[in-house]
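Presented below is the structure to which this report refers.
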Amino acid sequence: MQTDVVETKSDAAPESERLRRIRDVIEEIRPNLRRDGGDCELISVEGNKINVKLTGACVFCKLASATLEGIQAKMVETLGEFVRVVPVPMGLRSGH
């Protein structure tokens, strides 16, 4: 499922590359989540805050916080900067 993610940050040119890297990390971990009946969707990027929505089995999983920490660690490693991965409440989508 592809969503239109809007990234807000001051210098726009390198941001398209940054957004691509963020999307790549999400796509890399999705097969593992799907194998367990869950999924993760990128909702928005606001500076160093990356908003994601966990779906399926991930919603009620006791290990969801560990999953988010793992996604955040991979984002930090890939981007070379500190970012926070934040789960958004159910029902929220990009642009809301």
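Naming scheme: A, B, ... for chains in displayed order of the structure tokens; residues 1 onward per chain; ligands 1 onward as shown.
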
Task: Filtered DSSP result for region 4-93 of chain A, state strand (DSSP E), as a PyMOL selection string - done: chain A and resi 7-8+38-46+49-56+84-87

Restrict the calculation to only C-alpha atoms, then for each residue of region 66-93 of chain A with any atom at most 10 Å from an atom of region 27-47 of chain A give the closest atom pair and their distance in Å to one decimal, rows by chain and rising residue number, as a Markdown table.
| residue | atom | partner | partner_atom | distance |
| --- | --- | --- | --- | --- |
| A:Thr67 | CA | A:Leu33 | CA | 8.9 |
| A:Leu68 | CA | A:Cys40 | CA | 9.6 |
| A:Gly70 | CA | A:Ile29 | CA | 9.4 |
| A:Ile71 | CA | A:Ile29 | CA | 7.7 |
| A:Lys74 | CA | A:Ile29 | CA | 9.4 |
| A:Val83 | CA | A:Gly47 | CA | 8.3 |
| A:Arg84 | CA | A:Gly47 | CA | 9.6 |
| A:Val85 | CA | A:Val45 | CA | 9.4 |
| A:Val86 | CA | A:Ile43 | CA | 9.9 |
| A:Pro87 | CA | A:Ile43 | CA | 9.2 |
| A:Val88 | CA | A:Ile43 | CA | 8.0 |
| A:Leu92 | CA | A:Ile43 | CA | 8.3 |
| A:Arg93 | CA | A:Ile43 | CA | 6.1 |

Residues from the last selection, all heavy atoms, saved as a compact mmCIF listing (two decimals), in the first residue's frame:
# COMPACT_ATOMS: atom_id res chain seq x y z
N THR A 67 9.38 -3.90 18.51
CA THR A 67 9.37 -3.75 17.05
C THR A 67 9.67 -2.30 16.68
O THR A 67 10.51 -2.03 15.81
CB THR A 67 8.02 -4.18 16.46
OG1 THR A 67 7.82 -5.57 16.74
CG2 THR A 67 7.95 -3.94 14.97
N LEU A 68 9.02 -1.37 17.35
CA LEU A 68 9.25 0.05 17.08
C LEU A 68 10.69 0.45 17.40
O LEU A 68 11.31 1.21 16.65
CB LEU A 68 8.28 0.92 17.87
CG LEU A 68 6.83 0.85 17.40
CD1 LEU A 68 5.91 1.49 18.42
CD2 LEU A 68 6.66 1.49 16.03
N GLY A 70 13.27 -1.51 17.23
CA GLY A 70 14.10 -2.09 16.17
C GLY A 70 14.03 -1.27 14.90
O GLY A 70 15.06 -1.04 14.24
N ILE A 71 12.84 -0.79 14.56
CA ILE A 71 12.68 0.06 13.38
C ILE A 71 13.46 1.36 13.58
O ILE A 71 14.17 1.81 12.69
CB ILE A 71 11.20 0.35 13.10
CG1 ILE A 71 10.46 -0.94 12.73
CG2 ILE A 71 11.05 1.40 11.98
CD1 ILE A 71 8.95 -0.79 12.69
N LYS A 74 17.20 0.81 13.19
CA LYS A 74 17.55 0.66 11.78
C LYS A 74 17.51 2.01 11.07
O LYS A 74 18.36 2.29 10.22
CB LYS A 74 16.59 -0.34 11.11
CG LYS A 74 16.90 -0.64 9.68
CD LYS A 74 18.19 -1.42 9.55
CE LYS A 74 18.40 -1.80 8.10
NZ LYS A 74 19.74 -2.30 7.86
N VAL A 83 16.63 9.76 15.09
CA VAL A 83 15.22 9.98 14.76
C VAL A 83 14.38 9.21 15.77
O VAL A 83 14.86 8.28 16.41
CB VAL A 83 14.87 9.49 13.33
CG1 VAL A 83 15.55 10.34 12.28
CG2 VAL A 83 15.20 8.02 13.14
N ARG A 84 13.14 9.64 15.92
CA ARG A 84 12.18 8.93 16.76
C ARG A 84 11.13 8.32 15.87
O ARG A 84 10.54 9.01 15.03
CB ARG A 84 11.48 9.90 17.73
CG ARG A 84 12.15 10.06 19.03
CD ARG A 84 11.34 10.92 19.99
NE ARG A 84 10.61 12.00 19.35
CZ ARG A 84 9.37 12.36 19.66
NH1 ARG A 84 8.71 11.75 20.60
NH2 ARG A 84 8.79 13.35 19.04
N VAL A 85 10.85 7.02 16.07
CA VAL A 85 9.77 6.36 15.36
C VAL A 85 8.59 6.33 16.32
O VAL A 85 8.68 5.78 17.41
CB VAL A 85 10.17 4.95 14.89
CG1 VAL A 85 8.99 4.22 14.28
CG2 VAL A 85 11.32 5.03 13.89
N VAL A 86 7.49 6.96 15.90
CA VAL A 86 6.34 7.14 16.77
C VAL A 86 5.11 6.46 16.15
O VAL A 86 4.78 6.73 14.99
CB VAL A 86 6.05 8.65 16.97
CG1 VAL A 86 4.84 8.87 17.86
CG2 VAL A 86 7.28 9.35 17.52
N PRO A 87 4.43 5.60 16.92
CA PRO A 87 3.21 4.99 16.38
C PRO A 87 2.05 5.97 16.44
O PRO A 87 1.90 6.70 17.41
CB PRO A 87 2.97 3.81 17.34
CG PRO A 87 3.57 4.26 18.63
CD PRO A 87 4.75 5.12 18.26
N VAL A 88 1.27 6.03 15.38
CA VAL A 88 0.09 6.89 15.36
C VAL A 88 -1.13 6.04 15.73
O VAL A 88 -1.14 4.83 15.49
CB VAL A 88 -0.11 7.59 14.00
CG1 VAL A 88 1.05 8.49 13.68
CG2 VAL A 88 -0.34 6.58 12.89
N LEU A 92 -5.79 7.06 11.82
CA LEU A 92 -5.11 8.22 11.22
C LEU A 92 -4.35 7.78 9.99
O LEU A 92 -3.74 6.74 9.95
CB LEU A 92 -4.15 8.86 12.22
CG LEU A 92 -4.78 9.58 13.39
CD1 LEU A 92 -3.71 10.23 14.24
CD2 LEU A 92 -5.76 10.64 12.92
N ARG A 93 -4.41 8.62 8.97
CA ARG A 93 -3.69 8.35 7.73
C ARG A 93 -2.94 9.61 7.33
O ARG A 93 -3.14 10.67 7.88
CB ARG A 93 -4.66 7.95 6.63
CG ARG A 93 -5.39 6.66 6.94
CD ARG A 93 -6.06 6.06 5.73
NE ARG A 93 -5.20 5.94 4.58
CZ ARG A 93 -4.32 4.96 4.37
NH1 ARG A 93 -4.14 4.02 5.24
NH2 ARG A 93 -3.61 4.92 3.27
